[in-house]
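Below is one structure; the comments refer to it alone.
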Amino acid sequence: MAAAAAAAAASSYKKYETRSRNPDPKTSLLLVIDVQNYFSSMVNPILPRLLTTIDLCRRSSIPVLFTRHNHKSPSDYGMLGEWWDNDLVFDGTVEAELMPDIRRLAGQNEVVEKSTYSAFENTGLQERLVEMGVEEVIVTGVMTNLCCETTAREAFVKGFRVFFSTDATATSDLELHEATLKNLAFGFAYLVDCDRLQDGLFGK
């Protein structure tokens with residue numbers, strides 16, 4: 001059943017995927033978006049592929065940054081409070097913490113705190129990437145159509161080449177996942193998966 005769903009999803013965005021490219025390990029960075037306990041039900045099905053993606057990047061000397069979405073007070077809710085009826089991820093709760101398999105991999109200086117969909121908004125991420133000499137970002141994590149997509153689009157607009165994982169991202173609904181892949185393939189990002197990364201970074 002899962003294999004059939006994955007095949008259907010792939011076929012739905014393939015016609016928009018007219019560009020192909022491999023990340024350059026010398027100028028790339030992997031972003032692992034919001035892999036927190038709050039989102040564990042979405043993350044668990046893709047966790048093996050996410051861990052594989054992180055391992056491939058580490059082995060290629062591609063740096064990794066992990067984002068952690070959380071809210072500390074109503075002043076940082078923005079529109080999210082209204083939109084989600086204040087059902088938010090609050091700092092200091094178990095739900096706000098990175099999932100154990102990810103927390104073990106994330107160094108203290110590798111975690112970027114954020115409070116909205118974009119990993120760039122009020123986080124200093126752009127300046128950090130420029131300082132590191134990063135020109136390309138590989139986007140993984142959750143949710144495909146919210147924080148991952150917003151971050152990917154903003155990265156593109158800011159001048160970074162974007163690679164977006166099809167099998168190490170997830171959201172609450174397959175249709176929403178597919179819609180993001182279609183839109184990003186059409187106008188913003190090169191699509192990759194574990195197999196493509198393996199081949200692109202290490203050869204077939």
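Residue numbering restarts at 1 in every chain; chains get A, B, ... in the order shown in the structure tokens, and ligands count up from 1 in that same order.
Excluding A:Asp195 and any residue on its chain fewer than 2 positions from it, the residues at most 12 Å away by only C-alpha atoms are Asn22, Arg49, Thr52, Thr53, Leu56, Ser165, Thr166, Asp167, Ala168, Leu191, Val192, Asp193, Leu197, Gln198, Asp199, Gly200, Leu201, Phe202, Gly203 and Lys204 of chain A.
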**Message:** Can you pull out the residues contacting A:Ala179? Cut-off 10 Å, using only C-alpha atoms, and skip same-chain residues under 3 positions away; I want them as a list in words.
**Reply:** Ala9, Ser12, Tyr13, Thr144, Asn145, Leu174, Glu175, Leu176, Lys182, Asn183, Leu184 and Ala185 of chain A
**Message:** For the structure I just gave you, how does DSSP split chain A - specifically, which residues are alpha helix (DSSP H)? Reply as a PyMOL selection string.
**Reply:** chain A and resi 2-14+40-43+47-59+79-83+100-103+125-132+149-157+174-187+194-202
Determine, for each residue of stretch 126-148 of chain A having at least one atom at most 12 Å from an atom of stretch 102-115 of chain A, the closest pair of atoms and their separation in Å to one decimal, counting only C-alpha atoms; order by chain and ascending number, as a Markdown table.
| residue | atom | partner | partner_atom | distance |
| --- | --- | --- | --- | --- |
| A:Gln126 | CA | A:Val112 | CA | 11.4 |
| A:Arg128 | CA | A:Val112 | CA | 10.4 |
| A:Leu129 | CA | A:Val112 | CA | 11.9 |
| A:Gly141 | CA | A:Ile102 | CA | 10.8 |
| A:Cys147 | CA | A:Lys114 | CA | 10.2 |
**Message:** Using only C-alpha atoms, which protein or nucleic acid residues come within 9 Å of stretch 67-76 of chain A? Drop anything in the same chain fewer than 2 positions from it, and give the result as JSON, numbers by chain.
**Reply:** {"A": [31, 32, 33, 34, 35, 36, 65, 78, 81, 88, 89, 90, 91, 92, 96, 97, 98, 110, 111, 112, 113, 114, 115, 116, 117, 119]}
**Request:** Could you give me the residues within stretch 97-177 of chain A that DSSP places in strand (DSSP E), as JSON, numbers by chain?
**Result:** {"A": [111, 112, 113, 114, 136, 137, 138, 139, 140, 141, 142, 161, 162, 163, 164, 165, 166, 167, 168, 169, 170]}
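The nearest approach to A:Lys158 among the residues A:Phe188, A:Met132, A:Asp101, A:Val43, with only C-alpha atoms taken into account, belongs to A:Phe188.
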**Request:** Using atom CA of A:Ser118 and atom CA of A:Thr93 as the two end points, give the distance in Å to one decimal.
**Result:** 21.4 Å
**Message:** One number please: atom CA of A:Ser41 to atom CA of A:Val94, in Å, one decimal.
**Reply:** 14.5 Å
**Request:** Go through A:Phe66, A:Tyr16, A:Tyr190, A:Phe164 one by one, measure the shortest atom-to-atom distance of each to A:Thr150 using only C-alpha atoms, and give the residue with the smallest value.
**Result:** A:Phe164
**Nearest to A:Pro23 by atom-to-atom distance, counting only C-alpha atoms, from A:Val134, A:Leu50, A:Ala152, A:Val157** = A:Val134
**Prompt:** A:Leu30, A:Cys194, A:Ala155, A:Leu80: which is nearest A:Thr140, counting only C-alpha atoms?
**Reply:** A:Leu30
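Distances to A:Ser172 were evaluated for A:Met42, A:Leu51, A:Ser28, A:Glu17 using only C-alpha atoms, and the minimum falls at A:Met42.
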